[in-house]
$ cat structure_23.cif   # mmCIF, N, CA and C atoms
data_run
loop_
_atom_site.label_atom_id
_atom_site.label_comp_id
_atom_site.auth_asym_id
_atom_site.auth_seq_id
_atom_site.Cartn_x
_atom_site.Cartn_y
_atom_site.Cartn_z
N MET A 1 -34.97 -328.38 99.48
CA MET A 1 -35.07 -329.06 98.21
C MET A 1 -33.75 -329.79 97.98
N SER A 2 -33.85 -331.03 97.57
CA SER A 2 -32.65 -331.81 97.31
C SER A 2 -32.11 -331.53 95.91
N TRP A 3 -30.85 -331.85 95.72
CA TRP A 3 -30.23 -331.53 94.43
C TRP A 3 -30.80 -332.35 93.28
N PRO A 4 -31.27 -333.59 93.41
CA PRO A 4 -31.90 -334.28 92.27
C PRO A 4 -33.18 -333.59 91.82
N ILE A 5 -33.96 -333.08 92.77
CA ILE A 5 -35.19 -332.38 92.39
C ILE A 5 -34.85 -331.08 91.66
N ALA A 6 -33.82 -330.39 92.11
CA ALA A 6 -33.39 -329.15 91.45
C ALA A 6 -32.96 -329.43 90.02
N ILE A 7 -32.23 -330.51 89.82
CA ILE A 7 -31.77 -330.86 88.47
C ILE A 7 -32.97 -331.18 87.58
N VAL A 8 -33.95 -331.92 88.10
CA VAL A 8 -35.15 -332.25 87.33
C VAL A 8 -35.90 -330.98 86.97
N LEU A 9 -36.03 -330.04 87.90
CA LEU A 9 -36.72 -328.78 87.61
C LEU A 9 -35.99 -327.97 86.55
N ILE A 10 -34.68 -327.92 86.63
CA ILE A 10 -33.90 -327.17 85.62
C ILE A 10 -34.07 -327.80 84.24
N VAL A 11 -34.03 -329.13 84.17
CA VAL A 11 -34.22 -329.82 82.89
C VAL A 11 -35.62 -329.53 82.34
N MET A 12 -36.62 -329.55 83.20
CA MET A 12 -37.98 -329.26 82.76
C MET A 12 -38.10 -327.83 82.25
N LEU A 13 -37.45 -326.87 82.91
CA LEU A 13 -37.48 -325.48 82.45
C LEU A 13 -36.81 -325.33 81.09
N VAL A 14 -35.69 -325.99 80.89
CA VAL A 14 -34.98 -325.91 79.61
C VAL A 14 -35.83 -326.52 78.50
N ILE A 15 -36.43 -327.66 78.76
CA ILE A 15 -37.28 -328.30 77.75
C ILE A 15 -38.49 -327.42 77.45
N GLY A 16 -39.12 -326.87 78.48
CA GLY A 16 -40.28 -325.99 78.28
C GLY A 16 -39.91 -324.75 77.48
N GLY A 17 -38.75 -324.17 77.77
CA GLY A 17 -38.29 -323.01 77.00
C GLY A 17 -38.05 -323.34 75.54
N GLY A 18 -37.49 -324.52 75.28
CA GLY A 18 -37.27 -324.95 73.90
C GLY A 18 -38.57 -325.15 73.15
N VAL A 19 -39.55 -325.73 73.83
CA VAL A 19 -40.86 -325.94 73.20
C VAL A 19 -41.52 -324.60 72.89
N LEU A 20 -41.47 -323.67 73.85
CA LEU A 20 -42.08 -322.36 73.62
C LEU A 20 -41.37 -321.61 72.49
N ARG A 21 -40.03 -321.70 72.43
CA ARG A 21 -39.30 -321.02 71.36
C ARG A 21 -39.65 -321.62 70.01
N SER A 22 -39.73 -322.96 69.94
CA SER A 22 -40.11 -323.62 68.69
C SER A 22 -41.51 -323.21 68.25
N ARG A 23 -42.41 -323.15 69.20
CA ARG A 23 -43.79 -322.75 68.87
C ARG A 23 -43.83 -321.32 68.35
N TYR A 24 -43.10 -320.41 69.01
CA TYR A 24 -43.06 -319.01 68.58
C TYR A 24 -42.48 -318.91 67.17
N ASN A 25 -41.36 -319.61 66.94
CA ASN A 25 -40.74 -319.56 65.61
C ASN A 25 -41.66 -320.12 64.54
N ALA A 26 -42.37 -321.19 64.84
CA ALA A 26 -43.29 -321.78 63.86
C ALA A 26 -44.44 -320.83 63.56
N MET A 27 -44.95 -320.15 64.57
CA MET A 27 -46.07 -319.24 64.36
C MET A 27 -45.65 -317.99 63.59
N SER A 28 -44.39 -317.58 63.73
CA SER A 28 -43.94 -316.38 63.04
C SER A 28 -43.28 -316.69 61.70
N GLY A 29 -43.21 -317.97 61.32
CA GLY A 29 -42.70 -318.34 60.00
C GLY A 29 -41.21 -318.54 59.92
N HIS A 30 -40.52 -318.63 61.05
CA HIS A 30 -39.07 -318.87 61.05
C HIS A 30 -38.83 -320.36 61.13
N ALA A 31 -38.45 -320.94 59.99
CA ALA A 31 -38.24 -322.38 59.93
C ALA A 31 -36.77 -322.71 60.15
N THR A 32 -36.51 -323.85 60.76
CA THR A 32 -35.14 -324.32 60.96
C THR A 32 -35.06 -325.78 60.55
N ASP A 33 -33.84 -326.20 60.18
CA ASP A 33 -33.66 -327.61 59.86
C ASP A 33 -33.38 -328.40 61.14
N ALA A 34 -33.01 -329.67 61.00
CA ALA A 34 -32.80 -330.53 62.16
C ALA A 34 -31.65 -330.06 63.04
N ASP A 35 -30.68 -329.35 62.43
CA ASP A 35 -29.54 -328.86 63.20
C ASP A 35 -29.79 -327.49 63.82
N GLY A 36 -30.93 -326.90 63.55
CA GLY A 36 -31.24 -325.59 64.10
C GLY A 36 -30.84 -324.44 63.21
N ASN A 37 -30.34 -324.74 62.01
CA ASN A 37 -29.95 -323.68 61.08
C ASN A 37 -31.19 -323.10 60.42
N PRO A 38 -31.23 -321.79 60.24
CA PRO A 38 -32.41 -321.19 59.60
C PRO A 38 -32.56 -321.65 58.16
N VAL A 39 -33.78 -321.88 57.78
CA VAL A 39 -34.10 -322.31 56.42
C VAL A 39 -34.86 -321.17 55.76
N GLY A 40 -34.39 -320.75 54.59
CA GLY A 40 -35.04 -319.66 53.88
C GLY A 40 -36.35 -320.10 53.28
N PRO A 41 -37.11 -319.15 52.78
CA PRO A 41 -38.37 -319.50 52.14
C PRO A 41 -38.13 -320.34 50.89
N ALA A 42 -39.07 -321.18 50.59
CA ALA A 42 -38.95 -322.09 49.46
C ALA A 42 -39.10 -321.38 48.12
N GLY A 43 -39.50 -320.13 48.13
CA GLY A 43 -39.72 -319.39 46.90
C GLY A 43 -41.19 -319.39 46.54
N PRO A 44 -41.52 -318.64 45.53
CA PRO A 44 -42.94 -318.56 45.16
C PRO A 44 -43.42 -319.88 44.57
N SER A 45 -44.66 -320.17 44.83
CA SER A 45 -45.26 -321.37 44.27
C SER A 45 -45.49 -321.16 42.77
N PRO A 46 -45.70 -322.21 42.03
CA PRO A 46 -45.96 -322.05 40.59
C PRO A 46 -47.17 -321.15 40.32
N ARG A 47 -48.18 -321.24 41.16
CA ARG A 47 -49.37 -320.40 40.98
C ARG A 47 -49.03 -318.93 41.19
N GLU A 48 -48.20 -318.64 42.21
CA GLU A 48 -47.80 -317.25 42.45
C GLU A 48 -46.99 -316.71 41.28
N ALA A 49 -46.09 -317.53 40.73
CA ALA A 49 -45.29 -317.10 39.58
C ALA A 49 -46.20 -316.84 38.39
N GLU A 50 -47.20 -317.69 38.19
CA GLU A 50 -48.14 -317.49 37.09
C GLU A 50 -48.93 -316.20 37.26
N LEU A 51 -49.36 -315.93 38.49
CA LEU A 51 -50.12 -314.70 38.75
C LEU A 51 -49.24 -313.46 38.57
N GLU A 52 -47.98 -313.52 39.00
CA GLU A 52 -47.09 -312.39 38.81
C GLU A 52 -46.87 -312.13 37.32
N ASN A 53 -46.74 -313.19 36.53
CA ASN A 53 -46.58 -313.04 35.08
C ASN A 53 -47.82 -312.39 34.47
N GLU A 54 -48.99 -312.83 34.92
CA GLU A 54 -50.24 -312.27 34.41
C GLU A 54 -50.38 -310.80 34.79
N VAL A 55 -50.00 -310.44 36.00
CA VAL A 55 -50.07 -309.04 36.42
C VAL A 55 -49.13 -308.19 35.56
N GLU A 56 -47.95 -308.71 35.27
CA GLU A 56 -47.01 -307.96 34.44
C GLU A 56 -47.57 -307.74 33.03
N GLN A 57 -48.21 -308.76 32.47
CA GLN A 57 -48.83 -308.61 31.16
C GLN A 57 -49.95 -307.58 31.20
N MET A 58 -50.73 -307.59 32.26
CA MET A 58 -51.82 -306.60 32.41
C MET A 58 -51.26 -305.19 32.50
N ARG A 59 -50.16 -305.02 33.22
CA ARG A 59 -49.54 -303.70 33.33
C ARG A 59 -49.08 -303.20 31.97
N GLU A 60 -48.52 -304.10 31.17
CA GLU A 60 -48.09 -303.71 29.83
C GLU A 60 -49.29 -303.30 28.98
N ARG A 61 -50.37 -304.04 29.07
CA ARG A 61 -51.58 -303.70 28.31
C ARG A 61 -52.15 -302.36 28.76
N ILE A 62 -52.17 -302.13 30.07
CA ILE A 62 -52.67 -300.85 30.57
C ILE A 62 -51.80 -299.70 30.09
N ALA A 63 -50.50 -299.91 30.05
CA ALA A 63 -49.60 -298.86 29.57
C ALA A 63 -49.91 -298.53 28.11
N VAL A 64 -50.17 -299.56 27.31
CA VAL A 64 -50.53 -299.32 25.90
C VAL A 64 -51.85 -298.56 25.82
N LEU A 65 -52.84 -298.96 26.60
CA LEU A 65 -54.13 -298.27 26.58
C LEU A 65 -54.01 -296.82 27.04
N GLU A 66 -53.19 -296.57 28.05
CA GLU A 66 -52.98 -295.19 28.51
C GLU A 66 -52.32 -294.37 27.42
N LYS A 67 -51.39 -294.98 26.73
CA LYS A 67 -50.70 -294.27 25.65
C LYS A 67 -51.69 -293.92 24.54
N ILE A 68 -52.56 -294.85 24.20
CA ILE A 68 -53.57 -294.60 23.17
C ILE A 68 -54.52 -293.51 23.62
N ALA A 69 -54.93 -293.56 24.88
CA ALA A 69 -55.90 -292.59 25.38
C ALA A 69 -55.32 -291.19 25.50
N THR A 70 -54.04 -291.07 25.76
CA THR A 70 -53.45 -289.75 25.98
C THR A 70 -52.92 -289.11 24.71
N GLU A 71 -52.64 -289.88 23.69
CA GLU A 71 -52.16 -289.31 22.44
C GLU A 71 -53.38 -288.99 21.57
N ASP A 72 -53.71 -287.73 21.51
CA ASP A 72 -54.93 -287.29 20.83
C ASP A 72 -54.90 -287.61 19.34
N ARG A 73 -53.80 -287.30 18.67
CA ARG A 73 -53.73 -287.54 17.24
C ARG A 73 -53.82 -289.03 16.93
N GLU A 74 -53.13 -289.83 17.72
CA GLU A 74 -53.19 -291.28 17.51
C GLU A 74 -54.61 -291.80 17.74
N ALA A 75 -55.26 -291.28 18.76
CA ALA A 75 -56.62 -291.74 19.07
C ALA A 75 -57.56 -291.41 17.92
N LYS A 76 -57.42 -290.22 17.36
CA LYS A 76 -58.28 -289.84 16.24
C LYS A 76 -58.00 -290.71 15.02
N ARG A 77 -56.72 -290.99 14.78
CA ARG A 77 -56.35 -291.81 13.64
C ARG A 77 -56.91 -293.23 13.82
N ILE A 78 -56.79 -293.77 15.00
CA ILE A 78 -57.31 -295.11 15.26
C ILE A 78 -58.83 -295.12 15.14
N SER A 79 -59.46 -294.07 15.62
CA SER A 79 -60.92 -293.97 15.52
C SER A 79 -61.35 -293.96 14.05
N ARG A 80 -60.61 -293.20 13.21
CA ARG A 80 -60.93 -293.17 11.78
C ARG A 80 -60.74 -294.55 11.15
N GLU A 81 -59.65 -295.24 11.55
CA GLU A 81 -59.39 -296.56 10.99
C GLU A 81 -60.50 -297.54 11.39
N ILE A 82 -60.96 -297.45 12.62
CA ILE A 82 -62.04 -298.34 13.09
C ILE A 82 -63.31 -298.05 12.32
N ASP A 83 -63.62 -296.75 12.13
CA ASP A 83 -64.80 -296.38 11.37
C ASP A 83 -64.72 -296.88 9.93
N GLU A 84 -63.53 -296.80 9.32
CA GLU A 84 -63.37 -297.27 7.97
C GLU A 84 -63.56 -298.79 7.90
N LEU A 85 -63.06 -299.49 8.91
CA LEU A 85 -63.23 -300.94 8.93
C LEU A 85 -64.72 -301.32 9.10
N ARG A 86 -65.45 -300.54 9.83
CA ARG A 86 -66.87 -300.83 10.03
C ARG A 86 -67.65 -300.66 8.72
N LYS A 87 -67.20 -299.73 7.88
CA LYS A 87 -67.88 -299.49 6.61
C LYS A 87 -67.73 -300.67 5.67
N ASP A 88 -66.65 -301.39 5.81
CA ASP A 88 -66.40 -302.51 4.89
C ASP A 88 -67.28 -303.62 5.20
#

$ encode --input "structure_23.cif" --output "structure tokens"
Amino acid sequence: MSWPIAIVLIVMLVIGGGVLRSRYNAMSGHATDADGNPVGPAGPSPREAELENEVEQMRERIAVLEKIATEDREAKRISREIDELRKD
């Protein structure tokens, strides 16, 4: 094998390795900029932030409902108040 063919083969191997590495990184979510520096995630989308806010509000509501359900005296008092409101 002559040395020009060897150089061409080495260049082809380096290029192929770079393509495979880029493909692997893209499939696993590792993004890089043009200089090869890692780029962090862009952050949650507005929809994700909205859903997280909604989940937090639901958790607060569930906590209130659990508190009402577990406090026997409060539950009875609320039940009486509801019954009194129904009479009106």

$ select_by_dssp --input "structure_23.cif" --residues "stretch 2-85 of chain A" --states "helix (DSSP H, G or I)" --output "PyMOL selection string"
chain A and resi 3-28+46-70+72-85

$ atom_distance --input "structure_23.cif" --atom1 "atom N of A:Val19" --atom2 "atom N of A:Ser2"
25.0 Å

$ atom_distance --input "structure_23.cif" --atom1 "atom N of A:Thr70" --atom2 "atom N of A:Glu84"
19.8 Å

$ atom_distance --input "structure_23.cif" --atom1 "atom N of A:Pro38" --atom2 "atom CA of A:Ala26"
12.6 Å

$ select_by_dssp --input "structure_23.cif" --residues "chain A" --states "strand (DSSP E or B)" --output "number ranges by chain"
A: 31-32, 38-39

$ residues_near_point --input "structure_23.cif" --point "(-35.2, -325.3, 66.2)" --cutoff "6 Å" --atoms "all atoms listed in the file" --output "ChimeraX atom specification"
/A:22,32,36
